[in-house]
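The file input-v6.pdb comes next; it holds PDB, C-alpha atoms and all ligand atoms.
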ATOM      1  CA  MET R 144     -12.518  27.215  22.109
ATOM      2  CA  ILE R 145      -8.803  27.540  21.339
ATOM      3  CA  VAL R 146      -7.160  24.725  19.339
ATOM      4  CA  LEU R 147      -3.386  24.496  19.709
ATOM      5  CA  GLY R 148      -1.090  22.122  17.827
ATOM      6  CA  GLY R 149       2.221  20.985  19.276
ATOM      7  CA  SER R 150       5.173  20.487  16.928
ATOM      8  CA  ALA R 151       4.022  16.946  16.101
ATOM      9  CA  SER R 152       0.595  18.032  14.874
ATOM     10  CA  THR R 153       0.639  21.611  13.611
ATOM     11  CA  GLU R 154      -1.101  20.765  10.326
ATOM     12  CA  LEU R 155      -3.643  18.462  11.929
ATOM     13  CA  ALA R 156      -4.477  21.143  14.526
ATOM     14  CA  GLU R 157      -5.087  23.657  11.731
ATOM     15  CA  LYS R 158      -7.520  21.235  10.102
ATOM     16  CA  VAL R 159      -9.260  20.590  13.432
ATOM     17  CA  ALA R 160      -9.570  24.347  14.116
ATOM     18  CA  LYS R 161     -11.153  24.784  10.663
ATOM     19  CA  GLU R 162     -13.632  21.981  11.369
ATOM     20  CA  VAL R 163     -14.463  23.507  14.763
ATOM     21  CA  GLY R 164     -14.897  26.885  13.062
ATOM     22  CA  VAL R 165     -12.161  28.827  14.888
ATOM     23  CA  GLU R 166      -8.793  30.309  13.909
ATOM     24  CA  PRO R 167      -5.851  28.028  14.856
ATOM     25  CA  GLY R 168      -4.345  29.003  18.219
ATOM     26  CA  ARG R 169      -0.875  30.558  18.182
ATOM     27  CA  LEU R 170       2.254  29.205  19.840
ATOM     28  CA  GLU R 171       5.932  29.908  19.690
ATOM     29  CA  LEU R 172       7.948  26.704  19.940
ATOM     30  CA  LYS R 173      11.690  26.587  19.571
ATOM     31  CA  ARG R 174      14.851  25.018  20.915
ATOM     32  CA  PHE R 175      17.643  26.619  22.861
ATOM     33  CA  PRO R 176      21.207  25.817  21.720
ATOM     34  CA  ASP R 177      21.612  23.346  24.606
ATOM     35  CA  GLY R 178      18.622  21.333  23.359
ATOM     36  CA  GLU R 179      15.994  22.630  25.797
ATOM     37  CA  LYS R 180      12.512  23.424  24.521
ATOM     38  CA  TYR R 181      10.997  26.922  24.640
ATOM     39  CA  VAL R 182       7.216  27.184  24.727
ATOM     40  CA  ARG R 183       5.191  30.393  24.565
ATOM     41  CA  VAL R 184       1.403  30.669  24.297
ATOM     42  CA  LEU R 185       0.534  33.694  22.175
ATOM     43  CA  ASP R 186      -3.238  33.685  22.679
ATOM     44  CA  GLU R 187      -5.161  34.911  25.718
ATOM     45  CA  VAL R 188      -6.293  31.634  27.283
ATOM     46  CA  LYS R 189      -7.617  32.800  30.671
ATOM     47  CA  GLY R 190     -11.091  31.332  31.211
ATOM     48  CA  GLN R 191     -11.015  29.549  27.832
ATOM     49  CA  ASP R 192     -11.554  25.917  26.841
ATOM     50  CA  VAL R 193      -8.315  24.835  25.186
ATOM     51  CA  ALA R 194      -7.538  21.715  23.130
ATOM     52  CA  VAL R 195      -3.909  20.664  22.687
ATOM     53  CA  ILE R 196      -3.262  18.330  19.765
ATOM     54  CA  GLN R 197      -0.020  16.380  19.878
ATOM     55  CA  SER R 198       0.293  12.993  18.192
ATOM     56  CA  LEU R 199       3.046  10.988  19.877
ATOM     57  CA  TYR R 200       4.750   9.282  16.921
ATOM     58  CA  GLN R 201       8.397   8.891  15.995
ATOM     59  CA  ASN R 202       9.880  11.156  18.726
ATOM     60  CA  PRO R 203       7.363  10.472  21.500
ATOM     61  CA  ASP R 204       9.627  11.530  24.365
ATOM     62  CA  GLU R 205      10.255  14.936  22.814
ATOM     63  CA  TYR R 206       6.583  15.419  22.001
ATOM     64  CA  ILE R 207       5.459  14.306  25.470
ATOM     65  CA  PHE R 208       7.785  16.751  27.199
ATOM     66  CA  GLU R 209       6.673  19.615  24.958
ATOM     67  CA  TYR R 210       3.050  18.654  25.693
ATOM     68  CA  LEU R 211       3.724  18.738  29.453
ATOM     69  CA  LEU R 212       5.371  22.189  29.269
ATOM     70  CA  LEU R 213       2.493  23.496  27.194
ATOM     71  CA  VAL R 214      -0.304  22.114  29.364
ATOM     72  CA  ASP R 215       1.361  23.229  32.601
ATOM     73  CA  THR R 216       1.687  26.714  31.112
ATOM     74  CA  LEU R 217      -1.957  26.769  30.015
ATOM     75  CA  ARG R 218      -3.043  25.829  33.522
ATOM     76  CA  ASP R 219      -0.792  28.534  34.954
ATOM     77  CA  LEU R 220      -2.294  31.078  32.566
ATOM     78  CA  GLY R 221      -5.796  30.240  33.827
ATOM     79  CA  ALA R 222      -7.281  28.071  31.028
ATOM     80  CA  LYS R 223     -10.739  26.875  32.090
ATOM     81  CA  SER R 224     -10.318  23.358  30.663
ATOM     82  CA  ILE R 225      -7.497  21.608  28.808
ATOM     83  CA  THR R 226      -8.352  18.692  26.519
ATOM     84  CA  GLY R 227      -5.297  16.698  25.521
ATOM     85  CA  VAL R 228      -5.588  15.045  22.121
ATOM     86  CA  ALA R 229      -2.981  12.404  21.296
ATOM     87  CA  PRO R 230      -4.315  10.854  18.071
ATOM     88  CA  TYR R 231      -1.477   8.317  18.228
ATOM     89  CA  LEU R 232      -0.939   7.537  21.881
ATOM     90  CA  ALA R 233       2.619   6.342  22.388
ATOM     91  CA  TYR R 234       3.491   3.888  25.146
ATOM     92  CA  ALA R 235       0.009   2.367  24.993
ATOM     93  CA  ARG R 236       1.380  -1.087  24.117
ATOM     94  CA  GLN R 237       3.111  -1.378  27.484
ATOM     95  CA  ASP R 238      -0.136  -1.433  29.433
ATOM     96  CA  ALA R 239       0.920  -4.227  31.790
ATOM     97  CA  ARG R 240       4.022  -5.469  33.592
ATOM     98  CA  PHE R 241       4.994  -8.464  31.463
ATOM     99  CA  TYR R 242       8.330  -9.064  33.233
ATOM    100  CA  PRO R 243       9.177  -8.163  36.842
ATOM    101  CA  GLY R 244      10.446  -4.618  37.254
ATOM    102  CA  GLU R 245       9.115  -3.275  33.944
ATOM    103  CA  ALA R 246       7.566   0.185  33.713
ATOM    104  CA  VAL R 247       3.844   0.132  32.993
ATOM    105  CA  SER R 248       4.464   2.972  30.574
ATOM    106  CA  SER R 249       0.853   3.672  29.581
ATOM    107  CA  ALA R 250      -0.050   4.355  33.227
ATOM    108  CA  SER R 251       3.048   6.516  33.761
ATOM    109  CA  VAL R 252       2.248   8.663  30.724
ATOM    110  CA  ALA R 253      -1.379   9.056  31.835
ATOM    111  CA  ARG R 254      -0.274  10.194  35.309
ATOM    112  CA  LEU R 255       2.135  12.744  33.806
ATOM    113  CA  PHE R 256      -0.590  14.154  31.532
ATOM    114  CA  GLU R 257      -2.967  14.487  34.476
ATOM    115  CA  ALA R 258      -0.353  15.983  36.787
ATOM    116  CA  ALA R 259       0.458  18.673  34.199
ATOM    117  CA  GLY R 260      -3.170  19.839  34.173
ATOM    118  CA  THR R 261      -4.954  17.921  31.405
ATOM    119  CA  THR R 262      -8.643  17.896  32.334
ATOM    120  CA  SER R 263      -9.915  15.498  29.644
ATOM    121  CA  PHE R 264      -8.289  13.348  27.028
ATOM    122  CA  LEU R 265      -8.927  11.995  23.521
ATOM    123  CA  ALA R 266      -7.048   9.333  21.562
ATOM    124  CA  ILE R 267      -7.828   7.488  18.350
ATOM    125  CA  ASP R 268      -7.901   3.700  17.895
ATOM    126  CA  CYS R 269      -5.700   3.294  20.871
ATOM    127  CA  HIS R 270      -3.533   0.193  21.223
ATOM    128  CA  LEU R 271      -4.371  -0.790  24.800
ATOM    129  CA  HIS R 272      -4.827  -4.472  24.223
ATOM    130  CA  ARG R 273      -5.172  -5.636  27.779
ATOM    131  CA  LEU R 274      -7.032  -2.638  29.219
ATOM    132  CA  GLY R 275      -9.190  -2.204  26.132
ATOM    133  CA  ASP R 276      -9.946   1.488  26.629
ATOM    134  CA  VAL R 277      -8.157   4.725  27.541
ATOM    135  CA  SER R 278     -10.808   5.457  30.136
ATOM    136  CA  ARG R 279      -9.205   2.687  32.203
ATOM    137  CA  THR R 280      -5.762   4.316  32.036
ATOM    138  CA  PHE R 281      -6.740   7.867  32.976
ATOM    139  CA  LYS R 282      -8.601   9.162  36.012
ATOM    140  CA  ILE R 283      -9.808  12.224  34.058
ATOM    141  CA  PRO R 284     -12.546  11.674  31.424
ATOM    142  CA  ALA R 285     -10.822   9.932  28.503
ATOM    143  CA  LEU R 286     -12.328   8.801  25.224
ATOM    144  CA  ASN R 287     -11.068   6.522  22.485
ATOM    145  CA  LEU R 288     -12.325   7.696  19.086
ATOM    146  CA  SER R 289     -12.179   5.538  15.962
ATOM    147  CA  ALA R 290     -11.088   6.386  12.435
ATOM    148  CA  MET R 291     -12.448   3.096  11.078
ATOM    149  CA  PRO R 292     -15.796   4.474   9.815
ATOM    150  CA  LEU R 293     -13.895   7.137   7.815
ATOM    151  CA  LEU R 294     -11.408   4.572   6.482
ATOM    152  CA  GLY R 295     -14.271   2.284   5.441
ATOM    153  CA  GLU R 296     -16.005   5.191   3.716
ATOM    154  CA  TYR R 297     -12.763   6.063   1.913
ATOM    155  CA  ALA R 298     -12.353   2.457   0.760
ATOM    156  CA  ARG R 299     -15.932   2.309  -0.515
ATOM    157  CA  GLU R 300     -15.635   5.534  -2.487
ATOM    158  CA  ASN R 301     -12.047   5.351  -3.713
ATOM    159  CA  LEU R 302     -10.817   1.747  -3.735
ATOM    160  CA  LYS R 303     -14.193   0.373  -4.859
ATOM    161  CA  PRO R 304     -13.391  -3.229  -3.881
ATOM    162  CA  ARG R 305     -15.194  -5.911  -5.912
ATOM    163  CA  LYS R 306     -16.926  -8.695  -3.954
ATOM    164  CA  PRO R 307     -15.139  -7.363  -0.865
ATOM    165  CA  ILE R 308     -14.280  -9.281   2.243
ATOM    166  CA  VAL R 309     -12.785  -7.455   5.216
ATOM    167  CA  VAL R 310     -10.045  -9.292   7.065
ATOM    168  CA  ALA R 311      -8.797  -8.655  10.586
ATOM    169  CA  PRO R 312      -5.144  -9.785  10.430
ATOM    170  CA  ASP R 313      -5.335 -10.789  14.094
ATOM    171  CA  GLU R 314      -7.950 -11.254  16.791
ATOM    172  CA  GLU R 315      -7.506  -7.741  18.190
ATOM    173  CA  ALA R 316      -8.388  -6.229  14.824
ATOM    174  CA  ASP R 317     -11.801  -7.953  14.822
ATOM    175  CA  GLN R 318     -13.408  -4.792  16.281
ATOM    176  CA  TRP R 319     -12.047  -2.615  13.425
ATOM    177  CA  ALA R 320     -12.765  -5.124  10.659
ATOM    178  CA  GLY R 321     -16.403  -5.245  11.784
ATOM    179  CA  VAL R 322     -16.768  -1.481  11.409
ATOM    180  CA  VAL R 323     -15.137  -1.395   7.966
ATOM    181  CA  ALA R 324     -17.249  -4.362   6.820
ATOM    182  CA  LYS R 325     -20.374  -2.447   7.796
ATOM    183  CA  GLU R 326     -19.262   0.508   5.651
ATOM    184  CA  LEU R 327     -18.598  -1.815   2.703
ATOM    185  CA  GLY R 328     -21.720  -3.903   3.235
ATOM    186  CA  SER R 329     -19.563  -7.035   3.310
ATOM    187  CA  ASP R 330     -18.717  -9.897   5.638
ATOM    188  CA  HIS R 331     -15.531 -10.047   7.671
ATOM    189  CA  ILE R 332     -13.232 -12.760   8.957
ATOM    190  CA  VAL R 333     -10.464 -12.912  11.536
ATOM    191  CA  PHE R 334      -7.001 -14.442  11.152
ATOM    192  CA  HIS R 335      -4.935 -15.782  13.999
ATOM    193  CA  LYS R 336      -1.497 -14.174  14.456
ATOM    194  CA  THR R 337       1.482 -15.403  16.438
ATOM    195  CA  ARG R 338       4.364 -13.047  17.085
ATOM    196  CA  ILE R 339       7.613 -14.964  17.123
ATOM    197  CA  ARG R 340       9.547 -14.636  20.381
ATOM    198  CA  LYS R 341      13.305 -14.314  20.468
ATOM    199  CA  GLU R 342      15.020 -14.979  23.812
ATOM    200  CA  GLY R 343      11.907 -14.068  25.741
ATOM    201  CA  HIS R 344      11.254 -10.854  23.780
ATOM    202  CA  THR R 345       8.858 -10.334  20.876
ATOM    203  CA  SER R 346      10.292  -9.702  17.408
ATOM    204  CA  SER R 347       8.757  -8.035  14.366
ATOM    205  CA  LYS R 348       8.355 -11.449  12.681
ATOM    206  CA  VAL R 349       4.865 -12.917  12.743
ATOM    207  CA  GLU R 350       3.071 -16.038  11.569
ATOM    208  CA  VAL R 351      -0.484 -15.712  10.345
ATOM    209  CA  ASP R 352      -2.955 -18.576  10.316
ATOM    210  CA  ALA R 353      -5.805 -17.939   7.899
ATOM    211  CA  GLY R 354      -7.532 -21.299   8.432
ATOM    212  CA  SER R 355      -9.110 -22.925   5.395
ATOM    213  CA  ILE R 356     -10.662 -20.114   3.374
ATOM    214  CA  ASN R 357     -11.622 -19.643  -0.232
ATOM    215  CA  LEU R 358     -11.195 -16.060  -1.428
ATOM    216  CA  LYS R 359     -11.365 -16.778  -5.149
ATOM    217  CA  GLY R 360     -12.278 -13.648  -7.074
ATOM    218  CA  ARG R 361     -12.754 -11.530  -3.972
ATOM    219  CA  ASP R 362     -10.983  -8.269  -3.105
ATOM    220  CA  VAL R 363      -9.567  -8.321   0.417
ATOM    221  CA  VAL R 364      -9.590  -5.235   2.630
ATOM    222  CA  PHE R 365      -7.471  -5.479   5.780
ATOM    223  CA  ALA R 366      -8.340  -3.294   8.762
ATOM    224  CA  ASP R 367      -5.850  -2.771  11.574
ATOM    225  CA  ASP R 368      -4.994  -0.029  14.040
ATOM    226  CA  ILE R 369      -1.243   0.150  13.324
ATOM    227  CA  ILE R 370       0.977  -0.834  10.428
ATOM    228  CA  SER R 371       4.489  -0.728  11.786
ATOM    229  CA  THR R 372       6.953  -2.948   9.886
ATOM    230  CA  GLY R 373       4.184  -4.220   7.615
ATOM    231  CA  GLY R 374       5.084  -7.784   8.629
ATOM    232  CA  THR R 375       1.560  -8.620   9.804
ATOM    233  CA  ILE R 376      -0.099  -7.347   6.617
ATOM    234  CA  ALA R 377       2.563  -8.943   4.384
ATOM    235  CA  GLU R 378       2.103 -12.390   5.957
ATOM    236  CA  ALA R 379      -1.689 -12.068   5.952
ATOM    237  CA  THR R 380      -1.582 -10.985   2.287
ATOM    238  CA  LYS R 381       0.418 -14.059   1.324
ATOM    239  CA  ALA R 382      -2.240 -16.229   2.981
ATOM    240  CA  CYS R 383      -5.037 -14.388   1.127
ATOM    241  CA  LYS R 384      -3.289 -14.681  -2.227
ATOM    242  CA  LYS R 385      -2.805 -18.406  -1.607
ATOM    243  CA  ALA R 386      -6.545 -18.625  -0.953
ATOM    244  CA  GLY R 387      -7.267 -17.040  -4.355
ATOM    245  CA  ALA R 388      -7.838 -13.372  -3.405
ATOM    246  CA  ALA R 389      -7.964 -10.878  -6.280
ATOM    247  CA  ARG R 390      -6.761  -7.447  -5.098
ATOM    248  CA  VAL R 391      -5.580  -6.759  -1.540
ATOM    249  CA  PHE R 392      -5.964  -3.386   0.183
ATOM    250  CA  ALA R 393      -4.755  -2.462   3.663
ATOM    251  CA  LEU R 394      -6.405   0.166   5.862
ATOM    252  CA  CYS R 395      -4.894   1.386   9.105
ATOM    253  CA  THR R 396      -5.391   4.278  11.470
ATOM    254  CA  HIS R 397      -1.727   4.785  12.359
ATOM    255  CA  PRO R 398       0.752   4.390   9.488
ATOM    256  CA  VAL R 399       3.948   4.018  11.531
ATOM    257  CA  LEU R 400       5.626   2.458   8.449
ATOM    258  CA  ARG R 401       9.128   1.604   9.664
ATOM    259  CA  GLU R 402      11.848  -0.674   8.324
ATOM    260  CA  GLY R 403      10.697  -0.741   4.700
ATOM    261  CA  ALA R 404       7.070  -1.503   5.532
ATOM    262  CA  LEU R 405       5.605  -0.226   2.255
ATOM    263  CA  LYS R 406       8.131  -2.199   0.176
ATOM    264  CA  ARG R 407       7.495  -5.334   2.246
ATOM    265  CA  MET R 408       3.723  -5.117   1.787
ATOM    266  CA  LYS R 409       3.998  -4.345  -1.935
ATOM    267  CA  ALA R 410       6.299  -7.335  -2.436
ATOM    268  CA  ALA R 411       3.683  -9.524  -0.728
ATOM    269  CA  GLY R 412       1.024  -8.328  -3.172
ATOM    270  CA  VAL R 413      -0.751  -5.411  -1.441
ATOM    271  CA  ALA R 414      -2.211  -3.137  -4.123
ATOM    272  CA  LYS R 415      -2.769  -0.095  -1.898
ATOM    273  CA  VAL R 416      -2.210   0.973   1.696
ATOM    274  CA  VAL R 417      -4.380   3.731   3.148
ATOM    275  CA  GLY R 418      -3.863   5.371   6.529
ATOM    276  CA  THR R 419      -4.854   8.524   8.361
ATOM    277  CA  ASP R 420      -2.979  11.671   9.348
ATOM    278  CA  THR R 421      -2.564  10.701  13.022
ATOM    279  CA  ILE R 422       0.942  10.086  11.656
ATOM    280  CA  PRO R 423       1.823  12.095   8.549
ATOM    281  CA  SER R 424       2.974   9.657   5.836
ATOM    282  CA  PRO R 425       2.761   9.073   2.082
ATOM    283  CA  VAL R 426      -0.377   6.951   2.649
ATOM    284  CA  SER R 427      -2.192   9.401   4.968
ATOM    285  CA  LYS R 428      -5.199   9.900   2.695
ATOM    286  CA  VAL R 429      -7.866  10.179   5.395
ATOM    287  CA  SER R 430      -7.889  13.027   7.907
ATOM    288  CA  VAL R 431      -9.004  12.424  11.472
ATOM    289  CA  ALA R 432      -9.707  16.163  11.898
ATOM    290  CA  PRO R 433     -13.521  15.783  11.550
ATOM    291  CA  ILE R 434     -13.758  13.144  14.275
ATOM    292  CA  ILE R 435     -11.567  15.141  16.675
ATOM    293  CA  ALA R 436     -13.551  18.304  15.952
ATOM    294  CA  ARG R 437     -16.857  16.495  16.525
ATOM    295  CA  ALA R 438     -15.638  15.169  19.884
ATOM    296  CA  LEU R 439     -14.363  18.603  20.957
ATOM    297  CA  LYS R 440     -17.627  20.281  19.971
ATOM    298  CA  SER R 441     -19.681  17.742  21.854
ATOM    299  CA  GLN R 442     -17.597  18.423  25.001
ATOM    300  CA  ALA R 443     -18.148  22.188  24.790
TER     301      ALA R 443
HETATM  302  C1  LIG E   1      -0.669  -5.387  16.858
HETATM  303  O1  LIG E   1      -1.344  -6.085  17.553
HETATM  304  C2  LIG E   1      -1.204  -4.290  16.001
HETATM  305  O2  LIG E   1      -2.598  -4.274  15.967
HETATM  306  C3  LIG E   1      -0.643  -4.387  14.599
HETATM  307  O3  LIG E   1      -1.126  -5.565  13.991
HETATM  308  C4  LIG E   1       0.864  -4.399  14.633
HETATM  309  O4  LIG E   1       1.347  -3.304  15.364
HETATM  310  C5  LIG E   1       1.432  -4.384  13.256
HETATM  311  O5  LIG E   1       2.816  -4.459  13.348
HETATM  312  P1  LIG E   1       3.678  -4.843  12.087
HETATM  313  O6  LIG E   1       3.238  -3.951  10.958
HETATM  314  O7  LIG E   1       5.093  -4.582  12.501
HETATM  315  O8  LIG E   1       3.449  -6.286  11.792
END
Would you mind writing the structure in this file as C-alpha cells?
Ligand code: R5P
Amino acid sequence: MIVLGGSASTELAEKVAKEVGVEPGRLELKRFPDGEKYVRVLDEVKGQDVAVIQSLYQNPDEYIFEYLLLVDTLRDLGAKSITGVAPYLAYARQDARFYPGEAVSSASVARLFEAAGTTSFLAIDCHLHRLGDVSRTFKIPALNLSAMPLLGEYARENLKPRKPIVVAPDEEADQWAGVVAKELGSDHIVFHKTRIRKEGHTSSKVEVDAGSINLKGRDVVFADDIISTGGTIAEATKACKKAGAARVFALCTHPVLREGALKRMKAAGVAKVVGTDTIPSPVSKVSVAPIIARALKSQA
C-alpha cells in the first residue's frame, strides 16, 4: 500500500504510513506564480492500492481541489484502488437543503470525489446530522471512523477525572458521550442546546439547558465532535459549574478553535481541552493515525 498526504495532512500521513508499516509516499506539491496548483506523484503507483490523506480544515476549497488533481492523476497512472481519507470532512454540515436554492454541499463534494476516481472513502466523527453516516452520502464504500475511544482512553490515563460524569453538550453528542463514558466507567447525561437564529440564519451563540442536575464534587468530561467557537462548551460549562461541578474537561475530535475559542472556554471554567490531529492545533494531543491505519489494513 502507498500512503500519500496532501498539503493539509503531510504529518498525519507520515504517522499513518508508520502505523501501516510502509514508507510515506512521495509527492511534489507546489504553486505556480498565478496561484495554480502543481501536483506530481513521485512513486510508481501502477497496480497499487493507494490511500490519500487530506483533512479538509481551514482552507477546504484549496485542499479539495488539490485532492481532486491528485486522485485523478493516480487513476490516470493506473492505481488499483484509491482510498480517500478526509479525517475532517468539510461541507458535511450542509447535508440538506434548508432554504430553497441552497447547495447540498455534502452531496456535491461526495460526487466530485467519486468522479475524480476515489474508490472508497474514510472520514472520522463526521458531522452529517441529518444523514447520520457518510455511507449515505457516497455511492462508493464509505466508512465513518470514531476517535472517541482514543479520546476516552487519553482522558482516563492523563486527565484522571475524579467521580467523572460525561456530558454530551447537545443531543447529537449523545453517541460520543456514551463511548467516552464506557472508557471512563462512568455514567453520561445529555444537555439540550438551542442555537440562536439571527434573521433566519444560525449564529455562533447558543443556549444550553442542563435541566436540574447535581454535579457536586464531580469532574465533568464533555465529548463532542467539533469545537468551533467554543460557545457550546463555554455555555455548557457555566451550567455545570452552577450545578456544583469540580473540574471540567472538554474532549473533541476536531479542534477547529476559531474566534478565541480556547480563551472563551477557559474564561467559562474549562480546565483542559483535548482534541485530535484531524486538525493540527495546540490541543491536538491524540493522534487518529492508529484508527486510520487499522481501517486501511482491514481493507487491504
Ligand atoms: C454541533 O452540533 C457540533 O456538534 C458542535 O457542538 C458545534 O460545532 C460546536 O460549535 P461551537 O464550538 O461554535 O459552539
Let me have the centre and edge lengths of the axis-aligned box enclosing all listed atoms of ligand LIG 1 (chain E) with 5 Å padding on every side, in Å to one decimal, as JSON.
{"center_x": 1.2, "center_y": -4.8, "center_z": 14.3, "size_x": 17.7, "size_y": 13.0, "size_z": 16.6}
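Going from atom CA of R:Arg305 over to atom CA of R:Leu327, you cover 10.1 Å.
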Written as a PyMOL selection string, what is the full residue list that the PyMOL selection byres (((not hetatm)) within 6 of (chain E and resi 1)) yields on the file shown? chain R and resi 347+367-375
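Among the candidates R:Val310, R:Ile225, R:Ala377, R:Cys395, the residue lying nearest to R:Thr421 is R:Cys395 (atoms considered: all atoms listed in the file).
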Please list as a count of residues only every residue within 8 Å of R:Pro304, counting only C-alpha atoms and excluding residues in the same chain fewer than 3 positions away. 7
Would you kindly translate the PyMOL selection byres (((chain R and resi 191-198) around 6) and not hetatm) into the concrete residues it picks from this file, as a PDB file with C-alpha atoms, keeping the file's coordinate frame?
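File produced: expr-v5.pdb:
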ATOM      1  CA  MET R 144     -12.518  27.215  22.109  1.00  0.00           C
ATOM      2  CA  ILE R 145      -8.803  27.540  21.339  1.00  0.00           C
ATOM      3  CA  VAL R 146      -7.160  24.725  19.339  1.00  0.00           C
ATOM      4  CA  LEU R 147      -3.386  24.496  19.709  1.00  0.00           C
ATOM      5  CA  GLY R 148      -1.090  22.122  17.827  1.00  0.00           C
ATOM      6  CA  GLY R 149       2.221  20.985  19.276  1.00  0.00           C
ATOM      7  CA  ALA R 151       4.022  16.946  16.101  1.00  0.00           C
ATOM      8  CA  SER R 152       0.595  18.032  14.874  1.00  0.00           C
ATOM      9  CA  VAL R 188      -6.293  31.634  27.283  1.00  0.00           C
ATOM     10  CA  LYS R 189      -7.617  32.800  30.671  1.00  0.00           C
ATOM     11  CA  GLY R 190     -11.091  31.332  31.211  1.00  0.00           C
ATOM     12  CA  LEU R 199       3.046  10.988  19.877  1.00  0.00           C
ATOM     13  CA  TYR R 200       4.750   9.282  16.921  1.00  0.00           C
ATOM     14  CA  ALA R 222      -7.281  28.071  31.028  1.00  0.00           C
ATOM     15  CA  LYS R 223     -10.739  26.875  32.090  1.00  0.00           C
ATOM     16  CA  SER R 224     -10.318  23.358  30.663  1.00  0.00           C
ATOM     17  CA  ILE R 225      -7.497  21.608  28.808  1.00  0.00           C
ATOM     18  CA  THR R 226      -8.352  18.692  26.519  1.00  0.00           C
ATOM     19  CA  GLY R 227      -5.297  16.698  25.521  1.00  0.00           C
ATOM     20  CA  VAL R 228      -5.588  15.045  22.121  1.00  0.00           C
ATOM     21  CA  ALA R 229      -2.981  12.404  21.296  1.00  0.00           C
ATOM     22  CA  PRO R 230      -4.315  10.854  18.071  1.00  0.00           C
ATOM     23  CA  TYR R 231      -1.477   8.317  18.228  1.00  0.00           C
TER      24      TYR R 231
END
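Comparing R:Tyr206, R:Trp319, R:Tyr242, R:Phe281 by their smallest distance to R:Phe256, the closest is R:Phe281 (using all atoms listed in the file).
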If we count all atoms listed in the file, what is near stretch 315-317 of chain R at a cut-off of 12 Å, once residues fewer than 4 positions away on the same chain are taken out, given as a PyMOL selection string? chain R and resi 268-273+275+291+309-311+321-324+330-337+365-370+375-376+394-396
Since we have the selection now, will you write its residues out, keeping C-alpha atoms, as a short mmCIF file (atom, residue, chain, number, x, y, z; two decimals), keeping the file's coordinate frame?
data_model
loop_
_atom_site.label_atom_id
_atom_site.label_comp_id
_atom_site.auth_asym_id
_atom_site.auth_seq_id
_atom_site.Cartn_x
_atom_site.Cartn_y
_atom_site.Cartn_z
CA ASP R 268 -7.90 3.70 17.90
CA CYS R 269 -5.70 3.29 20.87
CA HIS R 270 -3.53 0.19 21.22
CA LEU R 271 -4.37 -0.79 24.80
CA HIS R 272 -4.83 -4.47 24.22
CA ARG R 273 -5.17 -5.64 27.78
CA GLY R 275 -9.19 -2.20 26.13
CA MET R 291 -12.45 3.10 11.08
CA VAL R 309 -12.78 -7.46 5.22
CA VAL R 310 -10.04 -9.29 7.06
CA ALA R 311 -8.80 -8.65 10.59
CA GLY R 321 -16.40 -5.24 11.78
CA VAL R 322 -16.77 -1.48 11.41
CA VAL R 323 -15.14 -1.40 7.97
CA ALA R 324 -17.25 -4.36 6.82
CA ASP R 330 -18.72 -9.90 5.64
CA HIS R 331 -15.53 -10.05 7.67
CA ILE R 332 -13.23 -12.76 8.96
CA VAL R 333 -10.46 -12.91 11.54
CA PHE R 334 -7.00 -14.44 11.15
CA HIS R 335 -4.93 -15.78 14.00
CA LYS R 336 -1.50 -14.17 14.46
CA THR R 337 1.48 -15.40 16.44
CA PHE R 365 -7.47 -5.48 5.78
CA ALA R 366 -8.34 -3.29 8.76
CA ASP R 367 -5.85 -2.77 11.57
CA ASP R 368 -4.99 -0.03 14.04
CA ILE R 369 -1.24 0.15 13.32
CA ILE R 370 0.98 -0.83 10.43
CA THR R 375 1.56 -8.62 9.80
CA ILE R 376 -0.10 -7.35 6.62
CA LEU R 394 -6.40 0.17 5.86
CA CYS R 395 -4.89 1.39 9.10
CA THR R 396 -5.39 4.28 11.47
#
Starting from the shown file, work through the PyMOL selection byres (((chain R and resi 236-238) around 10) and not hetatm) and note down what comes out as a PyMOL selection string. chain R and resi 232-235+239-241+245-251+269-275+280
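Atom CA of R:Ala414 to atom CA of R:Ala388 spans 11.7 Å [interatomic distance, one decimal].
When atom CA of R:Ile283 is paired with atom CA of R:Val214, their separation reads 14.5 Å.
Nearest to R:Tyr181 of all the residues R:Lys161, R:Phe208, R:Pro167, R:Ser427 is R:Phe208, counting only C-alpha atoms.
Closest approach to R:Ser355 from the set R:Ile422, R:Val429, R:Leu265, R:Cys383 is made by R:Cys383, with distances taken over all atoms listed in the file.
Shortest separation to R:Ser424 among R:Pro398, R:Pro176, R:Gly244, R:Gly412 occurs at residue R:Pro398, atoms counted being all atoms listed in the file.
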Show me the residues close to (-7.0, 7.2, 25.4) - anything with an atom within 6 Å, counting all atoms listed in the file - and format the list as a PDB file with C-alpha atoms, keeping the file's coordinate frame.
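Resulting contents of part_29.pdb:
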ATOM      1  CA  LEU R 265      -8.927  11.995  23.521  1.00  0.00           C
ATOM      2  CA  ALA R 266      -7.048   9.333  21.562  1.00  0.00           C
ATOM      3  CA  VAL R 277      -8.157   4.725  27.541  1.00  0.00           C
ATOM      4  CA  ALA R 285     -10.822   9.932  28.503  1.00  0.00           C
ATOM      5  CA  LEU R 286     -12.328   8.801  25.224  1.00  0.00           C
ATOM      6  CA  ASN R 287     -11.068   6.522  22.485  1.00  0.00           C
TER       7      ASN R 287
END
